$ cat structure19.cif   # mmCIF, C-alpha atoms and all ligand atoms
data_entry
loop_
_atom_site.label_atom_id
_atom_site.label_comp_id
_atom_site.auth_asym_id
_atom_site.auth_seq_id
_atom_site.Cartn_x
_atom_site.Cartn_y
_atom_site.Cartn_z
CA MET N 22 -14.90 -14.33 29.46
CA PRO N 23 -14.33 -10.67 28.42
CA LEU N 24 -17.45 -8.48 28.60
CA ILE N 25 -17.30 -7.67 24.89
CA HIS N 26 -17.48 -11.40 24.03
CA ARG N 27 -20.57 -11.78 26.22
CA LEU N 28 -22.17 -8.64 24.81
CA TYR N 29 -21.81 -9.49 21.12
CA PRO N 30 -24.58 -12.14 20.97
CA ILE N 31 -26.91 -9.50 22.43
CA LEU N 32 -25.67 -6.71 20.16
CA ARG N 33 -25.69 -8.73 16.95
CA PRO N 34 -29.48 -8.95 16.47
CA LEU N 35 -29.73 -5.21 17.12
CA LEU N 36 -26.98 -4.42 14.63
CA PHE N 37 -28.54 -6.78 12.07
CA GLN N 38 -31.77 -4.74 12.28
CA LEU N 39 -29.84 -1.82 10.82
CA ASP N 40 -28.68 -1.63 7.23
CA ALA N 41 -25.19 -3.11 6.94
CA GLU N 42 -23.26 0.13 6.47
CA THR N 43 -24.96 1.91 9.38
CA ALA N 44 -24.30 -1.14 11.56
CA HIS N 45 -20.64 -1.02 10.54
CA GLU N 46 -20.34 2.67 11.45
CA TRP N 47 -21.98 2.10 14.84
CA THR N 48 -19.80 -0.90 15.55
CA VAL N 49 -16.64 1.10 14.99
CA LYS N 50 -17.96 3.93 17.18
CA LEU N 51 -18.90 1.48 19.94
CA LEU N 52 -15.55 -0.20 19.69
CA ARG N 53 -13.69 3.07 20.07
CA ALA N 54 -15.84 4.04 23.06
CA SER N 55 -15.33 0.62 24.68
CA HIS N 56 -11.60 1.03 24.25
CA LEU N 57 -11.60 4.49 25.82
CA LEU N 58 -13.59 3.06 28.76
CA GLY N 59 -11.07 0.23 29.16
CA MET N 60 -13.67 -2.43 28.33
CA LEU N 61 -11.68 -4.35 25.72
CA PRO N 62 -9.79 -7.50 26.73
CA ASP N 63 -6.34 -6.18 25.69
CA PRO N 64 -4.87 -9.69 26.10
CA GLU N 65 -1.24 -10.22 27.00
CA PRO N 66 0.44 -11.86 24.01
CA ALA N 67 1.14 -15.53 24.71
CA PRO N 68 4.82 -16.04 23.74
CA SER N 69 3.99 -19.46 22.28
CA LYS N 70 1.65 -17.85 19.72
CA ALA N 71 4.16 -15.27 18.46
CA ARG N 72 5.70 -15.75 15.04
CA THR N 73 8.26 -13.88 13.01
CA VAL N 74 7.19 -13.35 9.41
CA MET N 75 8.87 -11.01 6.90
CA GLY N 76 11.27 -10.07 9.71
CA LEU N 77 8.36 -8.72 11.77
CA LYS N 78 7.38 -10.15 15.15
CA PHE N 79 3.62 -10.86 15.16
CA PRO N 80 2.17 -11.54 18.65
CA ASN N 81 -0.23 -14.07 17.10
CA CYS N 82 -1.28 -15.30 13.66
CA VAL N 83 -4.55 -13.38 13.16
CA GLY N 84 -4.97 -9.90 11.77
CA LEU N 85 -7.79 -7.58 10.76
CA ALA N 86 -8.29 -7.66 6.97
CA ALA N 87 -8.32 -4.48 4.90
CA GLY N 88 -11.63 -2.67 4.45
CA MET N 89 -12.92 -2.90 8.02
CA ASP N 90 -10.95 0.18 9.10
CA LYS N 91 -10.34 1.97 5.82
CA SER N 92 -9.52 5.25 7.52
CA ALA N 93 -7.32 3.98 10.38
CA SER N 94 -9.82 5.42 12.85
CA ALA N 95 -9.73 2.69 15.50
CA VAL N 96 -6.36 0.90 15.30
CA ASP N 97 -5.73 1.05 19.05
CA ALA N 98 -9.14 -0.52 19.71
CA TRP N 99 -8.61 -3.34 17.17
CA SER N 100 -5.26 -4.14 18.81
CA ALA N 101 -6.96 -4.22 22.22
CA LEU N 102 -9.46 -6.75 20.85
CA GLY N 103 -6.53 -9.14 20.40
CA PHE N 104 -5.52 -8.79 16.75
CA GLY N 105 -1.85 -9.53 16.13
CA HIS N 106 -1.85 -7.07 13.25
CA VAL N 107 -4.21 -4.54 11.72
CA GLU N 108 -4.33 -3.74 8.02
CA VAL N 109 -5.87 -0.34 7.32
CA GLY N 110 -7.15 0.93 3.96
CA THR N 111 -7.48 0.62 1.07
CA LEU N 112 -6.19 4.19 0.93
CA THR N 113 -5.92 6.30 -2.19
CA PRO N 114 -3.94 9.53 -2.75
CA ARG N 115 -7.05 11.73 -2.69
CA PRO N 116 -10.14 11.25 -0.48
CA GLN N 117 -13.10 9.75 -2.33
CA PRO N 118 -16.69 8.93 -1.37
CA GLY N 119 -16.91 5.49 -3.01
CA ASN N 120 -19.93 4.13 -4.85
CA PRO N 121 -23.54 5.23 -4.25
CA THR N 122 -25.39 3.51 -1.40
CA PRO N 123 -26.69 0.90 -0.80
CA ARG N 124 -23.38 -0.84 -1.42
CA LEU N 125 -23.04 -3.35 1.42
CA PHE N 126 -25.29 -6.42 1.81
CA ARG N 127 -25.47 -9.26 4.32
CA LEU N 128 -26.35 -12.71 2.98
CA VAL N 129 -27.25 -13.92 6.43
CA GLU N 130 -28.26 -17.54 5.68
CA GLN N 131 -24.98 -18.13 3.88
CA GLU N 132 -22.89 -16.02 6.30
CA GLY N 133 -21.66 -14.00 3.36
CA ILE N 134 -21.28 -10.31 2.52
CA ILE N 135 -21.45 -8.60 -0.86
CA ASN N 136 -19.81 -5.19 -1.06
CA ARG N 137 -19.23 -2.65 -3.77
CA MET N 138 -17.90 0.10 -1.50
CA GLY N 139 -15.46 1.37 -4.14
CA PHE N 140 -12.56 2.48 -1.91
CA ASN N 141 -14.48 5.08 0.12
CA ASN N 142 -11.67 6.56 2.19
CA PRO N 143 -10.40 9.86 3.63
CA GLY N 144 -7.20 9.82 1.57
CA ILE N 145 -3.70 8.73 2.54
CA ASP N 146 -2.75 12.00 4.31
CA GLU N 147 -5.57 11.75 6.84
CA ALA N 148 -4.83 8.09 7.56
CA VAL N 149 -1.11 8.75 8.00
CA HIS N 150 -1.93 11.56 10.40
CA ARG N 151 -4.10 9.18 12.46
CA LEU N 152 -1.44 6.47 12.47
CA GLU N 153 1.13 8.97 13.71
CA ARG N 154 -1.08 9.58 16.75
CA ARG N 155 -1.82 5.95 17.64
CA THR N 156 -0.84 4.73 21.09
CA SER N 157 -0.75 0.97 20.49
CA THR N 158 2.43 -0.67 19.28
CA GLY N 159 0.98 -3.57 17.27
CA ILE N 160 1.88 -4.34 13.69
CA ILE N 161 0.21 -2.09 11.12
CA GLY N 162 -0.20 -2.85 7.44
CA VAL N 163 -1.21 -0.04 5.12
CA ASN N 164 -3.17 -1.24 2.09
CA ILE N 165 -2.87 1.10 -0.91
CA GLY N 166 -4.79 1.57 -4.14
CA LYS N 167 -5.62 4.06 -6.85
CA ASN N 168 -8.34 6.69 -7.07
CA PHE N 169 -11.33 5.64 -9.15
CA ASP N 170 -10.75 8.44 -11.69
CA THR N 171 -7.03 7.84 -12.20
CA PRO N 172 -6.60 6.20 -15.61
CA LEU N 173 -5.16 2.71 -15.41
CA GLU N 174 -2.04 3.78 -17.33
CA ASN N 175 -1.26 6.27 -14.53
CA ALA N 176 -2.07 3.86 -11.69
CA ALA N 177 1.60 3.53 -10.70
CA ASP N 178 1.68 7.24 -9.76
CA ASP N 179 -1.14 6.71 -7.24
CA TYR N 180 0.51 3.67 -5.70
CA LEU N 181 3.86 5.52 -5.55
CA THR N 182 2.25 8.49 -3.79
CA CYS N 183 0.68 6.21 -1.19
CA LEU N 184 3.83 4.13 -0.73
CA ARG N 185 5.94 7.23 -0.06
CA LYS N 186 3.44 8.74 2.37
CA ALA N 187 2.72 5.52 4.28
CA TYR N 188 6.30 4.27 4.43
CA GLN N 189 7.20 5.58 7.85
CA VAL N 190 3.95 4.80 9.66
CA ALA N 191 3.50 1.27 8.30
CA ASP N 192 5.17 -1.98 9.29
CA TYR N 193 4.28 -3.36 5.87
CA ILE N 194 2.60 -2.04 2.75
CA ALA N 195 0.02 -4.07 0.80
CA VAL N 196 -0.53 -3.29 -2.88
CA ASN N 197 -4.18 -3.92 -3.65
CA ILE N 198 -4.74 -4.83 -7.29
CA SER N 199 -7.61 -7.18 -6.64
CA SER N 200 -10.71 -5.23 -5.61
CA PRO N 201 -13.57 -5.92 -8.03
CA ASN N 202 -15.12 -2.51 -7.29
CA THR N 203 -12.67 -0.18 -9.02
CA LYS N 204 -13.06 -0.40 -12.77
CA GLY N 205 -10.10 -2.09 -14.46
CA LEU N 206 -8.12 -2.61 -11.24
CA ARG N 207 -7.98 -6.38 -11.59
CA ASP N 208 -6.51 -5.97 -15.08
CA LEU N 209 -3.33 -4.99 -13.27
CA GLN N 210 -2.97 -8.67 -12.35
CA ALA N 211 -2.01 -9.55 -15.93
CA GLU N 212 1.66 -10.43 -16.41
CA GLU N 213 3.08 -7.29 -18.03
CA PRO N 214 1.06 -4.68 -16.08
CA ILE N 215 1.87 -6.36 -12.75
CA ARG N 216 5.56 -6.70 -13.57
CA ARG N 217 5.73 -3.02 -14.49
CA LEU N 218 3.73 -1.81 -11.48
CA LEU N 219 5.44 -3.93 -8.84
CA GLY N 220 8.86 -3.35 -10.44
CA THR N 221 8.36 0.41 -10.09
CA LEU N 222 7.21 0.05 -6.49
CA LYS N 223 10.13 -2.23 -5.57
CA GLU N 224 12.58 0.37 -6.93
CA GLU N 225 10.91 3.06 -4.85
CA GLN N 226 10.90 0.79 -1.79
CA ALA N 227 14.68 0.38 -2.14
CA ARG N 228 15.12 4.18 -2.35
CA LEU N 229 12.89 4.73 0.67
CA ALA N 230 14.77 2.08 2.65
CA THR N 231 18.03 3.94 2.02
CA THR N 232 16.54 7.35 2.82
CA HIS N 233 14.84 6.24 6.06
CA GLY N 234 17.30 3.54 7.10
CA VAL N 235 14.53 0.98 7.48
CA HIS N 236 13.19 -1.68 5.12
CA ARG N 237 9.40 -2.08 4.98
CA PRO N 238 8.10 -5.30 3.38
CA LEU N 239 6.01 -4.85 0.23
CA LEU N 240 3.13 -7.30 -0.24
CA VAL N 241 0.59 -7.75 -2.99
CA LYS N 242 -3.06 -8.74 -2.52
CA ILE N 243 -4.59 -11.01 -5.16
CA ALA N 244 -8.09 -12.05 -6.21
CA PRO N 245 -9.59 -15.50 -5.67
CA ASP N 246 -10.89 -15.58 -9.26
CA LEU N 247 -7.60 -16.64 -10.82
CA GLY N 248 -6.95 -19.88 -12.66
CA GLU N 249 -4.01 -22.13 -11.88
CA GLU N 250 -1.99 -20.82 -14.80
CA GLN N 251 -2.55 -17.19 -13.84
CA ILE N 252 -1.46 -17.98 -10.29
CA GLU N 253 1.70 -19.62 -11.60
CA VAL N 254 2.51 -16.61 -13.78
CA LEU N 255 1.97 -14.28 -10.83
CA ALA N 256 4.13 -16.45 -8.57
CA ARG N 257 6.95 -16.23 -11.13
CA VAL N 258 6.69 -12.43 -11.28
CA PHE N 259 6.50 -12.11 -7.47
CA ALA N 260 9.57 -14.32 -7.02
CA GLU N 261 11.46 -12.52 -9.79
CA LEU N 262 10.82 -9.11 -8.23
CA GLY N 263 11.45 -10.26 -4.66
CA MET N 264 8.02 -9.43 -3.29
CA GLU N 265 8.09 -9.98 0.46
CA GLY N 266 4.61 -11.46 0.80
CA VAL N 267 1.27 -12.19 -0.84
CA ILE N 268 -2.18 -11.66 0.67
CA ALA N 269 -4.64 -14.22 -0.70
CA THR N 270 -7.41 -13.45 -1.22
CA ASN N 271 -9.70 -10.51 -1.83
CA THR N 272 -13.46 -10.94 -2.43
CA THR N 273 -14.85 -13.01 -5.31
CA ILE N 274 -17.07 -12.12 -8.25
CA ASP N 275 -18.26 -15.74 -8.26
CA ARG N 276 -21.76 -16.42 -6.87
CA GLU N 277 -21.58 -20.19 -6.55
CA GLY N 278 -23.30 -21.31 -3.37
CA VAL N 279 -25.31 -18.13 -2.73
CA LYS N 280 -27.86 -18.24 -5.55
CA LYS N 281 -30.61 -19.17 -3.11
CA ASN N 282 -30.27 -15.74 -1.55
CA LYS N 283 -32.34 -12.97 -3.12
CA LEU N 284 -29.34 -10.65 -2.91
CA TRP N 285 -27.07 -12.89 -4.98
CA LYS N 286 -27.24 -10.68 -8.08
CA GLU N 287 -26.02 -7.56 -6.28
CA ALA N 288 -22.84 -6.35 -7.99
CA GLY N 289 -19.61 -6.41 -6.01
CA GLY N 290 -17.28 -8.79 -4.23
CA LEU N 291 -18.52 -11.70 -2.15
CA SER N 292 -16.78 -12.56 1.12
CA GLY N 293 -17.43 -14.74 4.15
CA LYS N 294 -18.22 -18.43 4.40
CA PRO N 295 -19.01 -18.92 0.68
CA LEU N 296 -15.45 -17.77 -0.14
CA MET N 297 -13.65 -20.10 2.25
CA ARG N 298 -12.97 -23.04 -0.05
CA GLN N 299 -12.08 -20.97 -3.10
CA SER N 300 -9.57 -18.78 -1.28
CA THR N 301 -7.94 -21.77 0.44
CA ALA N 302 -7.55 -23.47 -2.95
CA VAL N 303 -5.82 -20.34 -4.31
CA ILE N 304 -3.49 -20.32 -1.28
CA ALA N 305 -2.59 -23.99 -1.86
CA THR N 306 -1.81 -23.43 -5.56
CA LEU N 307 0.06 -20.23 -4.83
CA ALA N 308 2.15 -21.82 -2.06
CA LEU N 309 3.30 -24.59 -4.40
CA ALA N 310 4.01 -22.16 -7.23
CA LEU N 311 5.99 -19.78 -5.00
CA LYS N 312 7.98 -22.69 -3.64
CA SER N 313 8.99 -23.85 -7.09
CA GLU N 314 9.77 -20.30 -8.35
CA ALA N 315 11.66 -18.80 -5.40
CA LYS N 316 15.45 -19.13 -5.30
CA GLY N 317 15.59 -19.09 -1.49
CA ALA N 318 12.72 -19.14 0.99
CA PRO N 319 9.41 -18.40 -0.77
CA PRO N 320 7.59 -15.21 0.23
CA PRO N 321 5.04 -15.83 2.99
CA ILE N 322 1.30 -15.86 2.35
CA ILE N 323 -1.31 -14.12 4.49
CA GLY N 324 -4.46 -16.22 4.11
CA VAL N 325 -7.83 -14.50 4.11
CA GLY N 326 -11.31 -15.43 2.93
CA GLY N 327 -14.18 -17.00 4.81
CA ILE N 328 -12.53 -17.75 8.14
CA MET N 329 -15.42 -18.30 10.55
CA GLY N 330 -13.57 -20.31 13.22
CA GLU N 331 -10.35 -21.95 14.32
CA MET N 332 -10.66 -24.87 11.88
CA ASP N 333 -10.92 -22.54 8.89
CA ALA N 334 -7.82 -20.65 10.00
CA GLU N 335 -6.02 -23.96 10.47
CA ALA N 336 -7.01 -24.99 6.93
CA LYS N 337 -5.44 -21.78 5.55
CA LEU N 338 -2.25 -22.40 7.54
CA GLN N 339 -2.17 -26.02 6.36
CA ALA N 340 -2.58 -24.85 2.76
CA GLY N 341 0.58 -22.75 3.11
CA ALA N 342 -0.32 -19.46 4.82
CA SER N 343 1.95 -18.10 7.56
CA LEU N 344 -0.63 -15.68 8.97
CA VAL N 345 -4.39 -15.19 8.52
CA GLN N 346 -6.82 -12.29 8.46
CA VAL N 347 -10.55 -11.99 9.07
CA TYR N 348 -13.30 -9.57 8.11
CA SER N 349 -16.73 -11.17 7.49
CA GLY N 350 -16.24 -13.75 10.26
CA LEU N 351 -16.04 -10.90 12.72
CA VAL N 352 -19.46 -9.65 11.59
CA TYR N 353 -21.10 -13.06 12.01
CA ARG N 354 -19.18 -14.51 14.94
CA GLY N 355 -18.09 -11.42 16.88
CA PRO N 356 -14.82 -10.72 18.67
CA LYS N 357 -14.52 -14.17 20.22
CA LEU N 358 -13.42 -15.31 16.75
CA ILE N 359 -10.16 -13.44 17.30
CA ALA N 360 -9.47 -15.17 20.61
CA GLU N 361 -10.38 -18.52 19.08
CA VAL N 362 -8.05 -18.18 16.10
CA ALA N 363 -5.24 -16.52 18.06
CA GLY N 364 -5.43 -19.15 20.80
CA ILE N 365 -6.12 -16.53 23.49
CA PRO N 366 -7.65 -18.27 26.53
CA ASN N 367 -11.31 -17.43 27.07
CA THR N 368 -10.63 -16.24 30.57
CA VAL N 369 -8.64 -13.10 29.67
C1 LIG C 1 -17.18 -4.35 3.19
C2 LIG C 1 -15.84 -4.83 2.76
C3 LIG C 1 -14.89 -3.90 2.33
C4 LIG C 1 -13.64 -4.33 1.91
N1 LIG C 1 -12.72 -3.40 1.51
C5 LIG C 1 -11.48 -3.80 1.17
C6 LIG C 1 -10.51 -2.84 0.81
O1 LIG C 1 -10.72 -1.64 0.85
N2 LIG C 1 -9.29 -3.32 0.43
C7 LIG C 1 -8.97 -4.65 0.40
O2 LIG C 1 -7.85 -5.01 0.06
N3 LIG C 1 -9.89 -5.57 0.75
C8 LIG C 1 -11.12 -5.18 1.12
N4 LIG C 1 -12.05 -6.12 1.49
C9 LIG C 1 -11.71 -7.56 1.39
C10 LIG C 1 -11.25 -8.13 2.72
O3 LIG C 1 -10.08 -7.54 3.17
C11 LIG C 1 -11.02 -9.65 2.58
O4 LIG C 1 -9.98 -9.87 1.66
C12 LIG C 1 -12.26 -10.39 2.10
O5 LIG C 1 -13.43 -9.85 2.68
C13 LIG C 1 -12.22 -11.87 2.42
O6 LIG C 1 -12.16 -12.10 3.80
P1 LIG C 1 -13.44 -12.45 4.70
O7 LIG C 1 -14.15 -13.57 4.03
O8 LIG C 1 -12.87 -12.79 6.05
O9 LIG C 1 -14.29 -11.23 4.74
C14 LIG C 1 -13.31 -5.71 1.91
C15 LIG C 1 -14.27 -6.64 2.34
C16 LIG C 1 -15.51 -6.22 2.77
C17 LIG C 1 -16.52 -7.24 3.25
#
$ encode --input "structure19.cif" --output "structure tokens"
Amino acid sequence: MPLIHRLYPILRPLLFQLDAETAHEWTVKLLRASHLLGMLPDPEPAPSKARTVMGLKFPNCVGLAAGMDKSASAVDAWSALGFGHVEVGTLTPRPQPGNPTPRLFRLVEQEGIINRMGFNNPGIDEAVHRLERRTSTGIIGVNIGKNFDTPLENAADDYLTCLRKAYQVADYIAVNISSPNTKGLRDLQAEEPIRRLLGTLKEEQARLATTHGVHRPLLVKIAPDLGEEQIEVLARVFAELGMEGVIATNTTIDREGVKKNKLWKEAGGLSGKPLMRQSTAVIATLALALKSEAKGAPPPIIGVGGIMGEMDAEAKLQAGASLVQVYSGLVYRGPKLIAEVAGIPNTV
């Protein structure tokens, strides 16, 4: 078993003594150091686990969800942990500090996390610079958003700026319109705003593809707090515009199942185990809707939300996802979760 897998059960109680954001910062630092010292498993991809999705060859089905590495500061290390893809961001055109602290809370008994980080990030230029210097060759998604002080009616300009800047360093671009922590952002999921925004981005994507001679898939990330009808409307718009993929889902504003925890009233998005069922249900509805709307093959779904083990990942794939991502599960279960979901033997 890789050293890092054996170390995590020892490290976890120490990290959980710290406040959640400090623990996160230390974890990323430790991870980078472990990578530099050659201590990460860096597993050989098993050919049987590889899959081609959106024309991209993924070495396995599990990726790192957005938000864990907002600044693209440790992509080589995440790849060496075994992730088949790494999604960095959310990145905005200008750097921004995010919301005041505390803004990240562990709901330990429920294996959940509430966050209201508010897109703290170093800005798209800094992240692009870091991605240009990476040494790993794994698949990179760049998740883009808008600055908190950009009025909603000008949001498209922010997304366009990020799309243009990230185009050459990303394997795919994810349009995040589903974070609950940027005022008004989720309003962009309504039919007309989303058609306008994604339509503009698709036009720019076509121009960039011609300029650079390479087509980068454009995905959209949706919230779990959508009703069946809203999902069907979105599926119609996505199919109409030829979106290449959908990431489902972001964190929830729902607090069902965590009200026993004294932190349940903290504002923000809830992730982890309490989100599992809700996000899988959205994936199932979305998969059916995309299937009935798409003229040819429906756009693939990347399933994310509450994956704490292999069975959860399997449930997302069964519901219609082609790939999965994890964030909170990594906090509670450690890096062996990646090996488990990716089917990497424990002996690597
Ligand atoms: C602390 C934290 C920060 C996050 N930041 C982002 C973000 O910047 N952009 C984004 O699209 N999703 C963000 N997410 C959402 C995750 O990518 C993921 O969709 C969600 O947490 C559900 O997956 P999980 O249950 O495996 O954590 C964040 C989640 C957490 C816990």
$ atom_distance --input "structure19.cif" --atom1 "atom CA of N:Ala336" --atom2 "atom CA of N:Gln210"
25.6 Å
$ closest_residue --input "structure19.cif" --among "N:His236, N:Arg216, N:Lys280, N:Lys223" --to "N:Arg257" --atoms "all atoms listed in the file"
N:Arg216
$ atom_distance --input "structure19.cif" --atom1 "atom CA of N:Lys357" --atom2 "atom CA of N:His26"
5.6 Å
$ residues_near_ligand --input "structure19.cif" --ligand "ligand LIG 1 (chain C)" --cutoff "6 Å" --atoms "only C-alpha atoms and all ligand atoms" --output "JSON, numbers by chain"
{"N": [86, 87, 88, 110, 111, 134, 136, 140, 197, 270, 271, 272, 292, 293, 325, 326, 327, 328, 347, 348, 349, 350]}
$ atom_distance --input "structure19.cif" --atom1 "atom CA of N:Val345" --atom2 "atom CA of N:Ser69"
16.7 Å
$ closest_residue --input "structure19.cif" --among "N:Leu240, N:Val362, N:Ser94, N:Lys70" --to "N:Arg155" --atoms "all atoms listed in the file"
N:Ser94
$ residues_around --input "structure19.cif" --residues "N:Gly166" --least-positions-apart "5" --cutoff "9 Å" --atoms "only C-alpha atoms" --output "JSON, numbers by chain"
{"N": [110, 111, 112, 113, 114, 140, 176, 179, 180, 183, 195, 196, 197, 198, 206]}
$ write_last_selection --input "structure19.cif" --atoms "C-alpha atoms" --output "JSON list (two decimals), in the coordinates of the input"
[["chain", "number", "residue", "atom", "x", "y", "z"],
["N", 110, "GLY", "CA", -7.15, 0.93, 3.96],
["N", 111, "THR", "CA", -7.48, 0.62, 1.07],
["N", 112, "LEU", "CA", -6.19, 4.19, 0.93],
["N", 113, "THR", "CA", -5.92, 6.30, -2.19],
["N", 114, "PRO", "CA", -3.94, 9.53, -2.75],
["N", 140, "PHE", "CA", -12.56, 2.48, -1.91],
["N", 176, "ALA", "CA", -2.07, 3.86, -11.69],
["N", 179, "ASP", "CA", -1.14, 6.71, -7.24],
["N", 180, "TYR", "CA", 0.51, 3.67, -5.70],
["N", 183, "CYS", "CA", 0.68, 6.21, -1.19],
["N", 195, "ALA", "CA", 0.02, -4.07, 0.80],
["N", 196, "VAL", "CA", -0.53, -3.29, -2.88],
["N", 197, "ASN", "CA", -4.18, -3.92, -3.65],
["N", 198, "ILE", "CA", -4.74, -4.83, -7.29],
["N", 206, "LEU", "CA", -8.12, -2.61, -11.24]]
$ closest_residue --input "structure19.cif" --among "N:Pro245, N:Gly263, N:Gly103, N:Gly205" --to "N:Gln226" --atoms "only C-alpha atoms"
N:Gly263
$ closest_residue --input "structure19.cif" --among "N:Ile304, N:Met89, N:Met75, N:Ala67" --to "N:Val49" --atoms "all atoms listed in the file"
N:Met89
$ residues_around --input "structure19.cif" --residues "N:Arg27" --least-positions-apart "2" --cutoff "12 Å" --atoms "only C-alpha atoms" --output "JSON, numbers by chain"
{"N": [22, 23, 24, 25, 29, 30, 31, 32, 33, 60, 61, 62, 354, 355, 356, 357, 367, 368]}
$ build_atoms --input "structure19.cif" --residues "stretch 118-132 of chain N" --atoms "N, CA and C atoms" --output "PDB file, in the coordinates of the input"
ATOM      1  N   PRO N 118     -15.506   9.392  -2.098  1.00  0.00           N
ATOM      2  CA  PRO N 118     -16.690   8.930  -1.370  1.00  0.00           C
ATOM      3  C   PRO N 118     -17.048   7.468  -1.626  1.00  0.00           C
ATOM      4  N   GLY N 119     -16.519   6.868  -2.666  1.00  0.00           N
ATOM      5  CA  GLY N 119     -16.910   5.490  -3.010  1.00  0.00           C
ATOM      6  C   GLY N 119     -18.178   5.478  -3.835  1.00  0.00           C
ATOM      7  N   ASN N 120     -18.741   4.296  -4.010  1.00  0.00           N
ATOM      8  CA  ASN N 120     -19.930   4.130  -4.850  1.00  0.00           C
ATOM      9  C   ASN N 120     -21.192   4.613  -4.132  1.00  0.00           C
ATOM     10  N   PRO N 121     -22.266   4.853  -4.895  1.00  0.00           N
ATOM     11  CA  PRO N 121     -23.540   5.230  -4.250  1.00  0.00           C
ATOM     12  C   PRO N 121     -24.045   4.120  -3.340  1.00  0.00           C
ATOM     13  N   THR N 122     -24.774   4.506  -2.294  1.00  0.00           N
ATOM     14  CA  THR N 122     -25.390   3.510  -1.400  1.00  0.00           C
ATOM     15  C   THR N 122     -26.746   3.099  -1.971  1.00  0.00           C
ATOM     16  N   PRO N 123     -27.294   1.936  -1.631  1.00  0.00           N
ATOM     17  CA  PRO N 123     -26.690   0.900  -0.800  1.00  0.00           C
ATOM     18  C   PRO N 123     -25.564   0.176  -1.552  1.00  0.00           C
ATOM     19  N   ARG N 124     -24.549  -0.232  -0.785  1.00  0.00           N
ATOM     20  CA  ARG N 124     -23.380  -0.840  -1.420  1.00  0.00           C
ATOM     21  C   ARG N 124     -22.778  -1.960  -0.551  1.00  0.00           C
ATOM     22  N   LEU N 125     -23.512  -2.304   0.503  1.00  0.00           N
ATOM     23  CA  LEU N 125     -23.040  -3.350   1.420  1.00  0.00           C
ATOM     24  C   LEU N 125     -24.234  -4.212   1.824  1.00  0.00           C
ATOM     25  N   PHE N 126     -24.137  -5.532   1.623  1.00  0.00           N
ATOM     26  CA  PHE N 126     -25.290  -6.420   1.810  1.00  0.00           C
ATOM     27  C   PHE N 126     -24.876  -7.672   2.583  1.00  0.00           C
ATOM     28  N   ARG N 127     -25.717  -8.012   3.579  1.00  0.00           N
ATOM     29  CA  ARG N 127     -25.470  -9.260   4.320  1.00  0.00           C
ATOM     30  C   ARG N 127     -26.284 -10.382   3.701  1.00  0.00           C
ATOM     31  N   LEU N 128     -25.640 -11.502   3.430  1.00  0.00           N
ATOM     32  CA  LEU N 128     -26.350 -12.710   2.980  1.00  0.00           C
ATOM     33  C   LEU N 128     -26.363 -13.630   4.195  1.00  0.00           C
ATOM     34  N   VAL N 129     -27.315 -13.372   5.080  1.00  0.00           N
ATOM     35  CA  VAL N 129     -27.250 -13.920   6.430  1.00  0.00           C
ATOM     36  C   VAL N 129     -27.256 -15.456   6.435  1.00  0.00           C
ATOM     37  N   GLU N 130     -28.156 -16.058   5.647  1.00  0.00           N
ATOM     38  CA  GLU N 130     -28.260 -17.540   5.680  1.00  0.00           C
ATOM     39  C   GLU N 130     -26.942 -18.183   5.274  1.00  0.00           C
ATOM     40  N   GLN N 131     -26.241 -17.553   4.367  1.00  0.00           N
ATOM     41  CA  GLN N 131     -24.980 -18.130   3.880  1.00  0.00           C
ATOM     42  C   GLN N 131     -23.762 -17.615   4.654  1.00  0.00           C
ATOM     43  N   GLU N 132     -23.972 -16.697   5.584  1.00  0.00           N
ATOM     44  CA  GLU N 132     -22.890 -16.020   6.300  1.00  0.00           C
ATOM     45  C   GLU N 132     -21.891 -15.383   5.331  1.00  0.00           C
TER      46      GLU N 132
END
